[in-house]
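Peer 1: Quick one, target29.pdb (PDB, C-alpha atoms, pLDDT in the B column):
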ATOM      1  CA  MET A   1       6.695  38.605  52.798  1.00 49.00           C
ATOM      2  CA  HIS A   2       4.876  36.039  50.810  1.00 56.00           C
ATOM      3  CA  LEU A   3       8.029  35.316  48.740  1.00 52.00           C
ATOM      4  CA  LYS A   4      10.106  34.847  51.872  1.00 56.00           C
ATOM      5  CA  ASP A   5       7.650  32.289  53.289  1.00 57.00           C
ATOM      6  CA  SER A   6       7.559  30.487  49.976  1.00 56.00           C
ATOM      7  CA  THR A   7      11.356  30.292  49.808  1.00 54.00           C
ATOM      8  CA  ALA A   8      11.541  29.046  53.387  1.00 53.00           C
ATOM      9  CA  ASN A   9       9.000  26.315  52.636  1.00 58.00           C
ATOM     10  CA  PHE A  10      10.935  25.324  49.508  1.00 52.00           C
ATOM     11  CA  VAL A  11      14.239  25.092  51.442  1.00 50.00           C
ATOM     12  CA  GLU A  12      12.550  23.147  54.210  1.00 59.00           C
ATOM     13  CA  THR A  13      11.074  20.732  51.641  1.00 59.00           C
ATOM     14  CA  MET A  14      14.499  20.368  50.023  1.00 56.00           C
ATOM     15  CA  ASP A  15      16.091  19.560  53.372  1.00 60.00           C
ATOM     16  CA  VAL A  16      13.496  16.848  53.993  1.00 58.00           C
ATOM     17  CA  ASP A  17      13.974  15.411  50.475  1.00 61.00           C
ATOM     18  CA  ALA A  18      17.769  15.521  50.772  1.00 60.00           C
ATOM     19  CA  LYS A  19      17.658  13.790  54.153  1.00 65.00           C
ATOM     20  CA  ALA A  20      15.491  11.070  52.623  1.00 65.00           C
ATOM     21  CA  LEU A  21      18.063  10.531  49.868  1.00 62.00           C
ATOM     22  CA  VAL A  22      21.046  10.052  52.210  1.00 65.00           C
ATOM     23  CA  PRO A  23      20.303   6.370  52.982  1.00 71.00           C
ATOM     24  CA  LYS A  24      19.813   5.672  49.266  1.00 69.00           C
ATOM     25  CA  PHE A  25      23.177   7.245  48.476  1.00 69.00           C
ATOM     26  CA  GLN A  26      24.849   5.235  51.238  1.00 73.00           C
ATOM     27  CA  ILE A  27      23.392   2.011  49.792  1.00 71.00           C
ATOM     28  CA  SER A  28      24.537   2.998  46.286  1.00 72.00           C
ATOM     29  CA  LYS A  29      27.982   3.851  47.599  1.00 73.00           C
ATOM     30  CA  THR A  30      28.266   0.448  49.296  1.00 76.00           C
ATOM     31  CA  GLU A  31      27.042  -1.335  46.168  1.00 76.00           C
ATOM     32  CA  ASN A  32      29.538   0.582  44.027  1.00 76.00           C
ATOM     33  CA  GLU A  33      32.402  -0.275  46.377  1.00 77.00           C
ATOM     34  CA  THR A  34      31.397  -3.950  46.273  1.00 77.00           C
ATOM     35  CA  LYS A  35      31.233  -3.892  42.459  1.00 76.00           C
ATOM     36  CA  ARG A  36      34.610  -2.121  42.320  1.00 78.00           C
ATOM     37  CA  ASP A  37      36.152  -4.838  44.524  1.00 75.00           C
ATOM     38  CA  GLU A  38      34.596  -7.558  42.338  1.00 75.00           C
ATOM     39  CA  LEU A  39      36.005  -5.880  39.219  1.00 68.00           C
ATOM     40  CA  LYS A  40      39.454  -5.708  40.813  1.00 73.00           C
ATOM     41  CA  CYS A  41      39.285  -9.456  41.513  1.00 64.00           C
ATOM     42  CA  LEU A  42      38.154 -10.175  37.947  1.00 64.00           C
ATOM     43  CA  LYS A  43      40.980  -8.034  36.573  1.00 68.00           C
ATOM     44  CA  LEU A  44      43.518  -9.949  38.681  1.00 63.00           C
ATOM     45  CA  GLU A  45      42.075 -13.229  37.404  1.00 65.00           C
ATOM     46  CA  ASP A  46      42.248 -11.939  33.818  1.00 62.00           C
ATOM     47  CA  ASP A  47      45.851 -10.820  34.332  1.00 63.00           C
ATOM     48  CA  ASP A  48      46.744 -14.276  35.666  1.00 58.00           C
ATOM     49  CA  SER A  49      44.996 -15.980  32.742  1.00 58.00           C
ATOM     50  CA  LEU A  50      46.757 -13.719  30.255  1.00 56.00           C
ATOM     51  CA  ALA A  51      50.143 -14.423  31.840  1.00 57.00           C
ATOM     52  CA  THR A  52      49.450 -18.170  31.673  1.00 60.00           C
ATOM     53  CA  CYS A  53      48.410 -17.941  28.008  1.00 59.00           C
ATOM     54  CA  LEU A  54      51.498 -15.907  27.159  1.00 58.00           C
ATOM     55  CA  ASP A  55      53.701 -18.497  28.884  1.00 56.00           C
ATOM     56  CA  LEU A  56      51.967 -21.343  27.050  1.00 59.00           C
ATOM     57  CA  TYR A  57      52.370 -19.541  23.738  1.00 58.00           C
ATOM     58  CA  GLY A  58      55.905 -18.338  24.318  1.00 64.00           C
ATOM     59  CA  PHE A  59      57.314 -21.612  25.567  1.00 68.00           C
ATOM     60  CA  ALA A  60      55.269 -24.133  23.578  1.00 81.00           C
ATOM     61  CA  PRO A  61      57.397 -26.957  22.125  1.00 86.00           C
ATOM     62  CA  ILE A  62      56.152 -26.298  18.573  1.00 93.00           C
ATOM     63  CA  GLY A  63      56.437 -23.207  16.426  1.00 95.00           C
ATOM     64  CA  LEU A  64      53.431 -20.918  16.648  1.00 95.00           C
ATOM     65  CA  PHE A  65      52.939 -18.049  14.215  1.00 96.00           C
ATOM     66  CA  ALA A  66      50.335 -15.371  13.631  1.00 94.00           C
ATOM     67  CA  ILE A  67      50.608 -14.154  10.056  1.00 96.00           C
ATOM     68  CA  ASP A  68      48.499 -11.886   7.885  1.00 94.00           C
ATOM     69  CA  ARG A  69      47.060 -12.828   4.492  1.00 91.00           C
ATOM     70  CA  SER A  70      50.296 -11.781   2.751  1.00 94.00           C
ATOM     71  CA  SER A  71      52.223 -14.126   5.139  1.00 95.00           C
ATOM     72  CA  LYS A  72      53.812 -11.269   7.119  1.00 96.00           C
ATOM     73  CA  ILE A  73      54.813 -12.596  10.545  1.00 96.00           C
ATOM     74  CA  LEU A  74      52.948 -10.628  13.214  1.00 94.00           C
ATOM     75  CA  GLU A  75      53.766 -12.887  16.170  1.00 93.00           C
ATOM     76  CA  VAL A  76      56.066 -15.865  16.687  1.00 95.00           C
ATOM     77  CA  ASN A  77      57.068 -17.869  19.744  1.00 94.00           C
ATOM     78  CA  GLN A  78      60.570 -19.072  20.696  1.00 93.00           C
ATOM     79  CA  ALA A  79      60.152 -22.509  19.102  1.00 94.00           C
ATOM     80  CA  GLY A  80      59.067 -20.917  15.815  1.00 95.00           C
ATOM     81  CA  ALA A  81      62.129 -18.681  15.776  1.00 94.00           C
ATOM     82  CA  ARG A  82      64.373 -21.706  16.499  1.00 92.00           C
ATOM     83  CA  LEU A  83      62.770 -23.655  13.646  1.00 93.00           C
ATOM     84  CA  LEU A  84      63.585 -20.874  11.205  1.00 93.00           C
ATOM     85  CA  GLY A  85      67.033 -20.264  12.706  1.00 90.00           C
ATOM     86  CA  VAL A  86      66.368 -16.542  13.194  1.00 91.00           C
ATOM     87  CA  SER A  87      65.673 -14.453  16.305  1.00 91.00           C
ATOM     88  CA  ARG A  88      62.117 -13.436  17.097  1.00 91.00           C
ATOM     89  CA  LEU A  89      62.915  -9.744  16.681  1.00 91.00           C
ATOM     90  CA  VAL A  90      64.328 -10.286  13.197  1.00 92.00           C
ATOM     91  CA  LEU A  91      61.255 -12.314  12.197  1.00 93.00           C
ATOM     92  CA  GLN A  92      58.768  -9.560  13.069  1.00 92.00           C
ATOM     93  CA  ASN A  93      57.161  -8.240   9.852  1.00 94.00           C
ATOM     94  CA  ARG A  94      59.156 -10.585   7.606  1.00 95.00           C
ATOM     95  CA  LEU A  95      57.278 -12.813   5.184  1.00 96.00           C
ATOM     96  CA  PHE A  96      56.893 -16.408   6.365  1.00 96.00           C
ATOM     97  CA  LYS A  97      56.671 -17.378   2.713  1.00 95.00           C
ATOM     98  CA  LEU A  98      60.333 -16.413   2.232  1.00 93.00           C
ATOM     99  CA  PHE A  99      61.285 -19.395   4.383  1.00 95.00           C
ATOM    100  CA  VAL A 100      59.211 -21.842   2.327  1.00 96.00           C
ATOM    101  CA  ALA A 101      61.295 -23.864  -0.139  1.00 94.00           C
ATOM    102  CA  GLN A 102      60.808 -22.661  -3.713  1.00 93.00           C
ATOM    103  CA  GLU A 103      59.356 -26.036  -4.782  1.00 95.00           C
ATOM    104  CA  ASP A 104      56.683 -25.800  -2.056  1.00 96.00           C
ATOM    105  CA  GLN A 105      55.547 -22.204  -2.617  1.00 95.00           C
ATOM    106  CA  LYS A 106      52.395 -23.218  -4.518  1.00 96.00           C
ATOM    107  CA  SER A 107      51.454 -25.709  -1.804  1.00 96.00           C
ATOM    108  CA  PHE A 108      51.860 -23.031   0.842  1.00 97.00           C
ATOM    109  CA  ASP A 109      49.785 -20.533  -1.168  1.00 96.00           C
ATOM    110  CA  SER A 110      47.039 -23.128  -1.596  1.00 96.00           C
ATOM    111  CA  PHE A 111      47.169 -23.959   2.127  1.00 97.00           C
ATOM    112  CA  CYS A 112      46.728 -20.259   3.050  1.00 95.00           C
ATOM    113  CA  LEU A 113      43.960 -19.736   0.525  1.00 95.00           C
ATOM    114  CA  LYS A 114      41.994 -22.713   1.885  1.00 95.00           C
ATOM    115  CA  MET A 115      42.279 -21.336   5.418  1.00 95.00           C
ATOM    116  CA  LEU A 116      41.017 -17.924   4.306  1.00 93.00           C
ATOM    117  CA  GLU A 117      38.140 -19.334   2.262  1.00 93.00           C
ATOM    118  CA  THR A 118      36.900 -21.934   4.718  1.00 92.00           C
ATOM    119  CA  SER A 119      37.961 -20.701   8.167  1.00 82.00           C
ATOM    120  CA  THR A 120      38.489 -24.368   9.051  1.00 92.00           C
ATOM    121  CA  THR A 121      41.670 -26.098  10.151  1.00 95.00           C
ATOM    122  CA  GLN A 122      43.947 -26.955   7.246  1.00 96.00           C
ATOM    123  CA  LYS A 123      47.089 -29.116   7.156  1.00 97.00           C
ATOM    124  CA  CYS A 124      50.069 -29.431   4.891  1.00 96.00           C
ATOM    125  CA  GLU A 125      53.624 -30.713   4.783  1.00 96.00           C
ATOM    126  CA  LEU A 126      56.395 -28.768   3.140  1.00 96.00           C
ATOM    127  CA  ARG A 127      60.042 -27.794   3.422  1.00 95.00           C
ATOM    128  CA  LEU A 128      61.384 -24.694   5.097  1.00 95.00           C
ATOM    129  CA  CYS A 129      64.769 -23.095   4.475  1.00 92.00           C
ATOM    130  CA  ARG A 130      66.370 -22.110   7.746  1.00 87.00           C
ATOM    131  CA  GLY A 131      67.942 -18.640   8.105  1.00 71.00           C
ATOM    132  CA  GLN A 132      71.686 -18.504   8.648  1.00 62.00           C
ATOM    133  CA  ILE A 133      72.100 -22.283   8.829  1.00 60.00           C
ATOM    134  CA  GLU A 134      71.118 -22.716   5.184  1.00 68.00           C
ATOM    135  CA  SER A 135      69.549 -26.098   5.729  1.00 87.00           C
ATOM    136  CA  VAL A 136      66.162 -27.460   4.788  1.00 91.00           C
ATOM    137  CA  ILE A 137      63.760 -29.023   7.247  1.00 94.00           C
ATOM    138  CA  TYR A 138      60.500 -30.852   6.635  1.00 95.00           C
ATOM    139  CA  VAL A 139      57.563 -29.496   8.595  1.00 97.00           C
ATOM    140  CA  HIS A 140      53.942 -30.312   9.278  1.00 97.00           C
ATOM    141  CA  ILE A 141      51.791 -27.177   9.424  1.00 97.00           C
ATOM    142  CA  GLU A 142      48.282 -26.830  10.793  1.00 97.00           C
ATOM    143  CA  GLY A 143      46.427 -23.567  10.695  1.00 96.00           C
ATOM    144  CA  ILE A 144      43.176 -21.702  10.826  1.00 95.00           C
ATOM    145  CA  ALA A 145      42.028 -18.213   9.827  1.00 94.00           C
ATOM    146  CA  ARG A 146      40.295 -15.993  12.358  1.00 92.00           C
ATOM    147  CA  GLU A 147      38.996 -12.441  12.214  1.00 87.00           C
ATOM    148  CA  ASP A 148      41.192 -10.011  14.136  1.00 80.00           C
ATOM    149  CA  CYS A 149      38.984  -7.465  15.917  1.00 76.00           C
ATOM    150  CA  LEU A 150      41.684  -4.797  16.062  1.00 75.00           C
ATOM    151  CA  LEU A 151      42.880  -5.100  12.472  1.00 70.00           C
ATOM    152  CA  GLY A 152      39.463  -5.831  11.028  1.00 79.00           C
ATOM    153  CA  GLU A 153      40.824  -8.559   8.757  1.00 86.00           C
ATOM    154  CA  LYS A 154      41.539 -12.265   8.893  1.00 90.00           C
ATOM    155  CA  MET A 155      44.765 -13.512  10.414  1.00 93.00           C
ATOM    156  CA  LEU A 156      46.254 -16.960   9.991  1.00 95.00           C
ATOM    157  CA  PHE A 157      47.296 -18.844  13.084  1.00 95.00           C
ATOM    158  CA  ILE A 158      49.645 -21.703  12.270  1.00 97.00           C
ATOM    159  CA  SER A 159      51.521 -24.322  14.235  1.00 96.00           C
ATOM    160  CA  VAL A 160      54.711 -25.707  12.705  1.00 97.00           C
ATOM    161  CA  SER A 161      56.264 -29.041  13.748  1.00 96.00           C
ATOM    162  CA  ASP A 162      59.627 -30.306  12.564  1.00 95.00           C
ATOM    163  CA  ILE A 163      59.146 -33.738  10.933  1.00 95.00           C
ATOM    164  CA  THR A 164      62.607 -33.993   9.358  1.00 91.00           C
ATOM    165  CA  ASP A 165      63.561 -37.112  11.359  1.00 89.00           C
ATOM    166  CA  GLN A 166      60.280 -38.780  10.406  1.00 90.00           C
ATOM    167  CA  LYS A 167      60.874 -38.022   6.708  1.00 86.00           C
ATOM    168  CA  LYS A 168      64.436 -39.390   6.923  1.00 86.00           C
ATOM    169  CA  SER A 169      63.111 -42.594   8.522  1.00 89.00           C
ATOM    170  CA  GLU A 170      60.482 -42.935   5.781  1.00 85.00           C
ATOM    171  CA  LYS A 171      63.195 -42.597   3.116  1.00 82.00           C
ATOM    172  CA  ARG A 172      65.378 -45.227   4.825  1.00 85.00           C
ATOM    173  CA  LEU A 173      62.446 -47.613   5.016  1.00 86.00           C
ATOM    174  CA  PHE A 174      61.619 -46.977   1.362  1.00 82.00           C
ATOM    175  CA  TYR A 175      65.217 -47.707   0.287  1.00 79.00           C
ATOM    176  CA  GLN A 176      65.397 -50.814   2.462  1.00 82.00           C
ATOM    177  CA  ALA A 177      62.122 -52.089   1.017  1.00 81.00           C
ATOM    178  CA  HIS A 178      63.419 -51.356  -2.481  1.00 76.00           C
ATOM    179  CA  LEU A 179      66.672 -53.249  -1.780  1.00 75.00           C
ATOM    180  CA  LEU A 180      64.735 -56.263  -0.490  1.00 74.00           C
ATOM    181  CA  LYS A 181      62.821 -56.440  -3.779  1.00 76.00           C
ATOM    182  CA  LEU A 182      66.077 -56.634  -5.746  1.00 62.00           C
TER     183      LEU A 182
END
So, in terms of structure tokens, how does the structure I just supplied come out?
Peer 2:
Amino acid sequence: MHLKDSTANFVETMDVDAKALVPKFQISKTENETKRDELKCLKLEDDDSLATCLDLYGFAPIGLFAIDRSSKILEVNQAGARLLGVSRLVLQNRLFKLFVAQEDQKSFDSFCLKMLETSTTQKCELRLCRGQIESVIYVHIEGIAREDCLLGEKMLFISVSDITDQKKSEKRLFYQAHLLKL
């Protein structure tokens, strides 16, 4: 009989303890629901921010490229594809360096090396050979190297602006100045 009384006391104590915990669980449940709602709002805000960033990147008026240290194109926006005269899908995993004019290859290599060594913004001007059009354009490139968390290595982020018209104007002015000296 002693065991039965002991068990009854234990169950009775458990019932009292469990009843005392109910309000705590209700508070925790309410707090968790509030946190869940806050997280949902933050996720929606993040989704909106991501969509805005993707739009800015995709439809920027200058060419934007993400390339690896070997110059393989990992990402490119519409303007970048137009500059090179090739579709975005065709550019994926192709070497950016293949579009650099032969005479400017060393300049491009030096530009990339400086970005990798310093992780500061670098600039250069060079010529690019466009895909199917087989024409050369002058471009101004700015870029910076950043560590990619997923790949665990540095990536190069470059912006490419067509300065062909500017270079043509500079040549005209040079020739006109030269003619005036004669």
Peer 1: My list of candidates is A:Ser159, A:Tyr138, A:Gln26, A:Lys123. Which is closest to Asn77 (chain A) when distances are computed with all atoms listed in the file?
Peer 2: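 Checking each candidate against Asn77 (chain A), we get A:Ser159 as the closest.
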Peer 1: With all atoms listed in the file as the basis for distance, which of A:Ile163, A:Ile158, A:Leu98, A:Val139 is at the shortest distance from Gln122 (chain A)?
Peer 2: A:Ile158
Peer 1: The PyMOL selection byres ((chain A and resi 141-145) around 12) - which residues does that actually catch in the file I just gave you? List them as a PyMOL selection string.
Peer 2: chain A and resi 62-69+71+80+100+107-108+111-128+138-140+146-148+153-163
Peer 1: Let me make sure I understand: among A:Lys97, A:Asp37, A:Thr30, A:Gly131, which one has the smallest atom-to-atom distance to Arg82 (chain A) if we use all atoms listed in the file?
Peer 2: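 Selected residue with least distance to Arg82 (chain A): A:Gly131.
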Peer 1: In Å, with one decimal, what is the gap from CA of Lys72 (chain A) to CA of Phe99 (chain A)?
Peer 2: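 Separation of CA of Lys72 (chain A) and CA of Phe99 (chain A): 11.4 Å.
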Peer 1: So how far away is CA of Leu84 (chain A) from CA of Gln105 (chain A), in Å?
Peer 2: 16.0 Å
Peer 1: Just checking: using all atoms listed in the file, which residue out of A:Arg172, A:Lys167, A:Arg130, A:Lys181 ends up closest to Ala101 (chain A)?
Peer 2: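 Closest to Ala101 (chain A), using all atoms listed in the file: A:Arg130.
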Peer 1: Expressed in Å to a single decimal, how great is the separation between CA of Asn93 (chain A) and CA of Leu74 (chain A)?
Peer 2: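 About the pair CA of Asn93 (chain A) and CA of Leu74 (chain A): they are 5.9 Å apart.
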Peer 1: Rank nothing, just name the residue among A:Gly152, A:Gly85, A:Gln176, A:Pro61 nearest to Ser135 (chain A), using all atoms listed in the file.
Peer 2: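 Selected residue with least distance to Ser135 (chain A): A:Gly85.
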Peer 1: Pick from A:Gln166, A:Cys149, A:His178, A:Val76: nearest to Val90 (chain A), with all atoms listed in the file counted?
Peer 2: A:Val76
Peer 1: Edge lengths and centre in Å to one decimal, as lines of an AutoDock Vina configuration file, of the axis-aligned box that encloses all listed atoms of region 165-180 of chain A with 8 Å added on every side?
Peer 2:
center_x = 63.5
center_y = -46.7
center_z = 4.4
size_x = 22.4
size_y = 35.2
size_z = 29.8
